[in-house]
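Notes follow the structure.
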Protein chains: 2
Amino acid sequence: MLASGSGTNFQVLADAARSGRLPVKIAVLVYNNPGAYVAERARAAGIPAVLLDHRKFVSREVLDEEIASTLEAHGVELVVMAGWMRRVTEVLIGRFADRMLNIHPSLLPAFRGAKAIEQAIDYGVKVAGCTVHIVRLEVDAGPIILQAAEPVREEDTPETLAARIHAHEYRILPEAVRLFAEGRVRIEGNRARIVSADRAAL
Amino acid sequence: MLASGSGTNFQVLADAARSGRLPVKIAVLVYNNPGAYVAERARAAGIPAVLLDHRKFVSREVLDEEIASTLEAHGVELVVMAGWMRRVTEVLIGRFADRMLNIHPSLLPAFRGAKAIEQAIDYGVKVAGCTVHIVRLEVDAGPIILQAAEPVREEDTPETLAARIHAHEYRILPEAVRLFAEGRVRIEGNRARIVSADRAAL
């Protein structure tokens with residue numbers, strides 16, 4: 001997993017993996033901010049946490065090379081970006097083609113980029129949501145694995161809406177990881193097709 | 001109401017108005033295609049139907065002038081575009097500022113323009129929907145009154161998804177008209193705020 005901040009999505013996945021509800025092992029956490037609380041969560045969960053401070057690398061590509069090597073050294077098969085606040089380059093994407101997930105707090109393709117929930121409230125949509133998608137070079141694009149919708153209430157602030165969207169994230173990100181673990185995701189061009197469990201082996 | 005085609009949304013509103021479930025009267029239908037089935041529906045419902053064939057007008061503006069005059073002659077207070085396949089100009093929008101509704105089969109701002117449901121399926125979204133919004137000069141923009149979300153299924157074709165989205169349209173378009181009739185819509189810049197029923201008179 002790649003994370004930059006407090007790591008609530010990391011915690012949800014770590015708990016699900018440890019309890020056996022999710023048939024995966026979190027091999028390693030890579031984080032980029034020395035003070036990120038997600039590192040504490042990893043230590044508490046007994047998961048290796050590797051700090052790769054982007055400020056110490058001469059370019060995005062050199063950082064991504066180091067990230068890719070770290071992930072490979074830990075035997076990573078699927079990369080999950082959960083609040084990873086750095087743009088990734090072809091160096092990393094190329095090494096994990098169609099095996100990198102990101103979660104974004106909007107119903108893509110609406111409201112790409114930073115502050116997606118604020119964007120949605122400013123626009124005045126009545127339905128917001130979140131998206132788990134395959135990472136491609138274009139930011140917040142890439143084949144969509146799962147989405148969840150959440151009604152916007154008249155009295156919502158970015159904070160109150162974010163709280164409800166996060167609750168969806170805690171559900172659909174593990175679910176997306178499960179689909180990969182079960183071999184049920186087929187990437188066809190720019191679209192992701194989910195096959196039924198009994199067809200996953202075909 | 002303005003319509004160009006078969007007029008299923010027109011029928012839903014006409015039925016709701018006639019039964020008293022919706023506290024409005026449909027004063028007039030303007031349609032632009034001589035063979036549009038919506039005209040038959042209007043006649044069956046006893047609603048005046050006025051054909052304004054866009055092919056007979058020298059410009060969009062001249063057509064819109066005629067539409068506006070027709071609507072005003074019938075005492076129209078709220079204009080509902082339900083499958084009106086012509087771009088409207090400032091001539092019409094200016095005469096019914098913030099009193100024109102359109103329904104669009106996507107969760108705007110995603111998938112503006114024609115064939116929105118096909119666009120959504122081609123993109124590979126997992127949640128689609130529809131939007132009732134105030135008409136502004138920019139196509140499929142304008143303050144959003146109501147939206148409804150509909151999950152996309154793996155086996156969906158544009159036709160199967162459209163059938164479920166239409167069912168939402170038949171619910172949220174009358175609901176949006178009701179909100180106007182009850183004085184509960186406040187347009188503030190590019191956003192629409194819905195006030196509670198007991199505050200509508202304030």
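Ordering of the structure tokens sets the chain letters (A, B, ...); residue numbers start at 1 within each chain; ligands are numbered from 1 in the order shown.
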query = Near stretch 126-131 of chain A, within 9 Å and counting only C-alpha atoms, which residues show up once chain neighbours fewer than 4 positions away are dropped, as a ChimeraX atom specification?
reply = /A:102-108,117,120-121,144-154,161,164-166,168-169,172-173 /B:107,126,131,144-149
task = Identify, with DSSP run on backbone atoms, the residues in chain B assigned to helix (DSSP H, G or I), and express the list as a PyMOL selection string.
result = chain B and resi 8-19+37-45+54-56+60-73+90-95+116-123+158-181+197-199
ask   = Which one is closest to A:Asn33: A:Ile93, A:Ile194, A:Leu51, A:Val58? Count only C-alpha atoms.
value =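 Among the listed residues, the smallest separation from A:Asn33 belongs to A:Leu51.
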message = Using only C-alpha atoms, can you tell me which of A:Pro109, A:Arg43, A:Gly142, A:Thr157 comes closest to A:Asn190?
response =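 For A:Asn190, the nearest of the given residues is A:Gly142.
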message = Env of B:Val50: 12 Å cut, atoms = only C-alpha atoms, seq-sep filter 2 positions within chain, self excluded. Answer as an NGL selection string.
response = :B and (1-4 or 27-34 or 36 or 38-40 or 42-43 or 47-48 or 52-53 or 66-67 or 69-71 or 73-74)
With C-alpha atoms retained, could you export that selection as a PDB file, in the first residue's frame?
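Written out: out.pdb:
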```
ATOM      1  CA  MET B   1     -43.670  21.631 -21.878  1.00  0.00           C
ATOM      2  CA  LEU B   2     -41.260  21.322 -24.787  1.00  0.00           C
ATOM      3  CA  ALA B   3     -40.759  17.897 -26.347  1.00  0.00           C
ATOM      4  CA  SER B   4     -39.484  16.438 -29.591  1.00  0.00           C
ATOM      5  CA  ALA B  27     -50.898  24.774 -20.116  1.00  0.00           C
ATOM      6  CA  VAL B  28     -49.426  23.870 -23.492  1.00  0.00           C
ATOM      7  CA  LEU B  29     -47.106  21.489 -25.311  1.00  0.00           C
ATOM      8  CA  VAL B  30     -44.730  22.894 -27.909  1.00  0.00           C
ATOM      9  CA  TYR B  31     -43.209  20.276 -30.208  1.00  0.00           C
ATOM     10  CA  ASN B  32     -40.984  20.625 -33.249  1.00  0.00           C
ATOM     11  CA  ASN B  33     -41.317  17.395 -35.224  1.00  0.00           C
ATOM     12  CA  PRO B  34     -44.568  16.998 -37.166  1.00  0.00           C
ATOM     13  CA  ALA B  36     -43.795  13.360 -32.825  1.00  0.00           C
ATOM     14  CA  VAL B  38     -46.013  13.396 -27.946  1.00  0.00           C
ATOM     15  CA  ALA B  39     -48.583  15.440 -29.891  1.00  0.00           C
ATOM     16  CA  GLU B  40     -50.979  12.474 -29.827  1.00  0.00           C
ATOM     17  CA  ALA B  42     -51.305  15.888 -25.635  1.00  0.00           C
ATOM     18  CA  ARG B  43     -54.491  15.595 -27.686  1.00  0.00           C
ATOM     19  CA  ILE B  47     -53.699  19.709 -23.614  1.00  0.00           C
ATOM     20  CA  PRO B  48     -53.131  22.260 -26.416  1.00  0.00           C
ATOM     21  CA  LEU B  52     -43.264  24.897 -34.192  1.00  0.00           C
ATOM     22  CA  ASP B  53     -41.211  23.164 -36.846  1.00  0.00           C
ATOM     23  CA  GLU B  66     -41.985  32.180 -31.311  1.00  0.00           C
ATOM     24  CA  ILE B  67     -41.708  29.549 -28.577  1.00  0.00           C
ATOM     25  CA  SER B  69     -44.517  34.064 -27.241  1.00  0.00           C
ATOM     26  CA  THR B  70     -46.512  30.837 -27.434  1.00  0.00           C
ATOM     27  CA  LEU B  71     -45.648  29.925 -23.858  1.00  0.00           C
ATOM     28  CA  ALA B  73     -49.771  33.398 -24.476  1.00  0.00           C
ATOM     29  CA  HIS B  74     -50.713  30.274 -22.533  1.00  0.00           C
TER      30      HIS B  74
END
```
All residues 8 Å or closer to B:Val88, only C-alpha atoms, same chain fewer than 2 positions away omitted, as a PDB file with N, CA and C atoms, in the first residue's frame:
```pdb
ATOM      1  N   ARG B  60     -32.280  29.982 -34.934  1.00  0.00           N
ATOM      2  CA  ARG B  60     -32.664  29.507 -33.600  1.00  0.00           C
ATOM      3  C   ARG B  60     -33.373  30.614 -32.825  1.00  0.00           C
ATOM      4  N   ASP B  64     -36.982  30.573 -31.170  1.00  0.00           N
ATOM      5  CA  ASP B  64     -37.130  30.739 -29.719  1.00  0.00           C
ATOM      6  C   ASP B  64     -38.067  31.890 -29.382  1.00  0.00           C
ATOM      7  N   ARG B  86     -33.520  20.472 -29.295  1.00  0.00           N
ATOM      8  CA  ARG B  86     -32.970  21.664 -29.938  1.00  0.00           C
ATOM      9  C   ARG B  86     -32.210  22.478 -28.901  1.00  0.00           C
ATOM     10  N   GLU B  90     -30.467  32.513 -25.824  1.00  0.00           N
ATOM     11  CA  GLU B  90     -30.739  33.504 -24.787  1.00  0.00           C
ATOM     12  C   GLU B  90     -32.121  34.130 -24.962  1.00  0.00           C
ATOM     13  N   VAL B  91     -32.635  34.095 -26.190  1.00  0.00           N
ATOM     14  CA  VAL B  91     -33.959  34.672 -26.446  1.00  0.00           C
ATOM     15  C   VAL B  91     -35.017  33.985 -25.588  1.00  0.00           C
ATOM     16  N   LEU B  92     -34.953  32.662 -25.532  1.00  0.00           N
ATOM     17  CA  LEU B  92     -35.927  31.911 -24.739  1.00  0.00           C
ATOM     18  C   LEU B  92     -35.542  31.883 -23.256  1.00  0.00           C
ATOM     19  N   ILE B  93     -34.259  31.635 -22.995  1.00  0.00           N
ATOM     20  CA  ILE B  93     -33.810  31.538 -21.598  1.00  0.00           C
ATOM     21  C   ILE B  93     -34.032  32.858 -20.869  1.00  0.00           C
ATOM     22  N   LEU B 137     -27.409  28.788 -20.791  1.00  0.00           N
ATOM     23  CA  LEU B 137     -26.990  28.812 -22.191  1.00  0.00           C
ATOM     24  C   LEU B 137     -26.039  27.651 -22.502  1.00  0.00           C
TER      25      LEU B 137
END
```
task = For atom CA of A:Glu61 and atom CA of A:Arg95, quote the distance in Å rounded to one decimal.
result = 12.2 Å
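Of all the residues in stretch 41-178 of chain B, the ones DSSP labels as strand (DSSP E or B) from the backbone are Ala49, Val50, Leu51, Val79, Val80, Met81, Met100, Leu101, Asn102, Ile103, His104, Val127, Ala128, Gly129, Cys130, Thr131, Val132, His133, Ile134, Ile144, Ile145, Leu146, Gln147, Ala148, Ala149, Glu150 and Pro151 of chain B.
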Write the selection just made, keeping N, CA and C atoms, as an mmCIF file, in the first residue's frame?
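Saved result, part_0.cif, follows:
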```cif
data_model
loop_
_atom_site.group_PDB
_atom_site.id
_atom_site.type_symbol
_atom_site.label_atom_id
_atom_site.label_comp_id
_atom_site.auth_asym_id
_atom_site.auth_seq_id
_atom_site.Cartn_x
_atom_site.Cartn_y
_atom_site.Cartn_z
ATOM 1 N N ALA B 49 -51.595 21.480 -28.140
ATOM 2 C CA ALA B 49 -50.293 21.103 -28.697
ATOM 3 C C ALA B 49 -49.996 22.018 -29.872
ATOM 4 N N VAL B 50 -48.876 22.705 -29.797
ATOM 5 C CA VAL B 50 -48.504 23.673 -30.835
ATOM 6 C C VAL B 50 -47.245 23.192 -31.544
ATOM 7 N N LEU B 51 -47.365 22.983 -32.842
ATOM 8 C CA LEU B 51 -46.203 22.570 -33.635
ATOM 9 C C LEU B 51 -45.432 23.798 -34.083
ATOM 10 N N VAL B 79 -41.239 26.284 -17.497
ATOM 11 C CA VAL B 79 -41.038 25.556 -18.750
ATOM 12 C C VAL B 79 -40.308 24.249 -18.454
ATOM 13 N N VAL B 80 -40.826 23.138 -18.939
ATOM 14 C CA VAL B 80 -40.181 21.844 -18.736
ATOM 15 C C VAL B 80 -39.788 21.268 -20.090
ATOM 16 N N MET B 81 -38.471 21.124 -20.285
ATOM 17 C CA MET B 81 -37.960 20.483 -21.491
ATOM 18 C C MET B 81 -37.813 18.990 -21.203
ATOM 19 N N MET B 100 -36.811 27.418 -16.307
ATOM 20 C CA MET B 100 -36.792 26.376 -17.331
ATOM 21 C C MET B 100 -36.059 25.164 -16.788
ATOM 22 N N LEU B 101 -36.721 24.018 -16.837
ATOM 23 C CA LEU B 101 -36.112 22.765 -16.373
ATOM 24 C C LEU B 101 -35.783 21.869 -17.558
ATOM 25 N N ASN B 102 -34.711 21.120 -17.399
ATOM 26 C CA ASN B 102 -34.367 20.088 -18.379
ATOM 27 C C ASN B 102 -34.048 18.802 -17.626
ATOM 28 N N ILE B 103 -34.316 17.669 -18.265
ATOM 29 C CA ILE B 103 -33.879 16.410 -17.674
ATOM 30 C C ILE B 103 -32.861 15.779 -18.596
ATOM 31 N N HIS B 104 -31.768 15.285 -17.992
ATOM 32 C CA HIS B 104 -30.648 14.744 -18.773
ATOM 33 C C HIS B 104 -30.265 13.386 -18.187
ATOM 34 N N VAL B 127 -21.713 3.525 -11.740
ATOM 35 C CA VAL B 127 -22.915 4.215 -11.283
ATOM 36 C C VAL B 127 -23.294 5.244 -12.350
ATOM 37 N N ALA B 128 -24.507 5.169 -12.858
ATOM 38 C CA ALA B 128 -25.029 6.155 -13.806
ATOM 39 C C ALA B 128 -26.204 6.861 -13.148
ATOM 40 N N GLY B 129 -27.022 7.578 -13.930
ATOM 41 C CA GLY B 129 -28.152 8.252 -13.315
ATOM 42 C C GLY B 129 -28.754 9.300 -14.206
ATOM 43 N N CYS B 130 -29.502 10.216 -13.583
ATOM 44 C CA CYS B 130 -30.124 11.302 -14.338
ATOM 45 C C CYS B 130 -30.217 12.549 -13.465
ATOM 46 N N THR B 131 -30.429 13.680 -14.140
ATOM 47 C CA THR B 131 -30.341 14.993 -13.507
ATOM 48 C C THR B 131 -31.460 15.893 -14.002
ATOM 49 N N VAL B 132 -32.162 16.549 -13.088
ATOM 50 C CA VAL B 132 -33.048 17.657 -13.463
ATOM 51 C C VAL B 132 -32.328 18.948 -13.091
ATOM 52 N N HIS B 133 -32.188 19.838 -14.064
ATOM 53 C CA HIS B 133 -31.439 21.064 -13.810
ATOM 54 C C HIS B 133 -32.095 22.253 -14.495
ATOM 55 N N ILE B 134 -31.738 23.433 -13.996
ATOM 56 C CA ILE B 134 -32.160 24.686 -14.606
ATOM 57 C C ILE B 134 -31.404 24.860 -15.925
ATOM 58 N N ILE B 144 -28.417 22.363 -10.446
ATOM 59 C CA ILE B 144 -29.028 21.035 -10.353
ATOM 60 C C ILE B 144 -30.124 21.043 -9.290
ATOM 61 N N ILE B 145 -31.300 20.582 -9.689
ATOM 62 C CA ILE B 145 -32.425 20.511 -8.746
ATOM 63 C C ILE B 145 -32.445 19.145 -8.057
ATOM 64 N N LEU B 146 -32.431 18.084 -8.845
ATOM 65 C CA LEU B 146 -32.474 16.728 -8.303
ATOM 66 C C LEU B 146 -31.615 15.805 -9.169
ATOM 67 N N GLN B 147 -31.070 14.790 -8.535
ATOM 68 C CA GLN B 147 -30.348 13.735 -9.262
ATOM 69 C C GLN B 147 -30.736 12.388 -8.678
ATOM 70 N N ALA B 148 -30.636 11.371 -9.511
ATOM 71 C CA ALA B 148 -30.865 10.001 -9.047
ATOM 72 C C ALA B 148 -29.767 9.115 -9.608
ATOM 73 N N ALA B 149 -29.264 8.213 -8.780
ATOM 74 C CA ALA B 149 -28.187 7.306 -9.176
ATOM 75 C C ALA B 149 -28.740 5.925 -9.479
ATOM 76 N N GLU B 150 -28.128 5.251 -10.429
ATOM 77 C CA GLU B 150 -28.539 3.897 -10.797
ATOM 78 C C GLU B 150 -27.287 3.053 -11.060
ATOM 79 N N PRO B 151 -27.125 1.934 -10.362
ATOM 80 C CA PRO B 151 -25.957 1.079 -10.602
ATOM 81 C C PRO B 151 -25.960 0.530 -12.033
#
```
ask   = Interatomic distance between atom CA of A:Arg18 and atom CA of A:Gly183?
value =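 Distance reported for this atom pair: 20.4 Å.
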inquiry  = What does the structure give for the distance between atom CA of B:Thr160 and atom CA of B:Val135, in Å to one decimal?
reply    =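 Answer for the atom CA of B:Thr160 to atom CA of B:Val135 separation: 27.6 Å.
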query = Can you list, as a VMD selection string, every protein, DNA or RNA residue that comes within 7 Å of stretch 5-16 of chain A when you count only C-alpha atoms, leaving out same-chain residues fewer than 3 positions away?
reply = chain A and resid 19 to 22 26 36 to 38 41 82 to 83 170 174
query = From the list B:Ala200, B:Val177, B:Arg55, B:Ala110, which residue is nearest B:Tyr123 when using only C-alpha atoms?
reply =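 Smallest separation from B:Tyr123 among the options: B:Ala110.
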Among listed residues A:Ala176, A:Val139, A:Ala197, A:Val125, nearest chain B (using only C-alpha atoms) = A:Val125
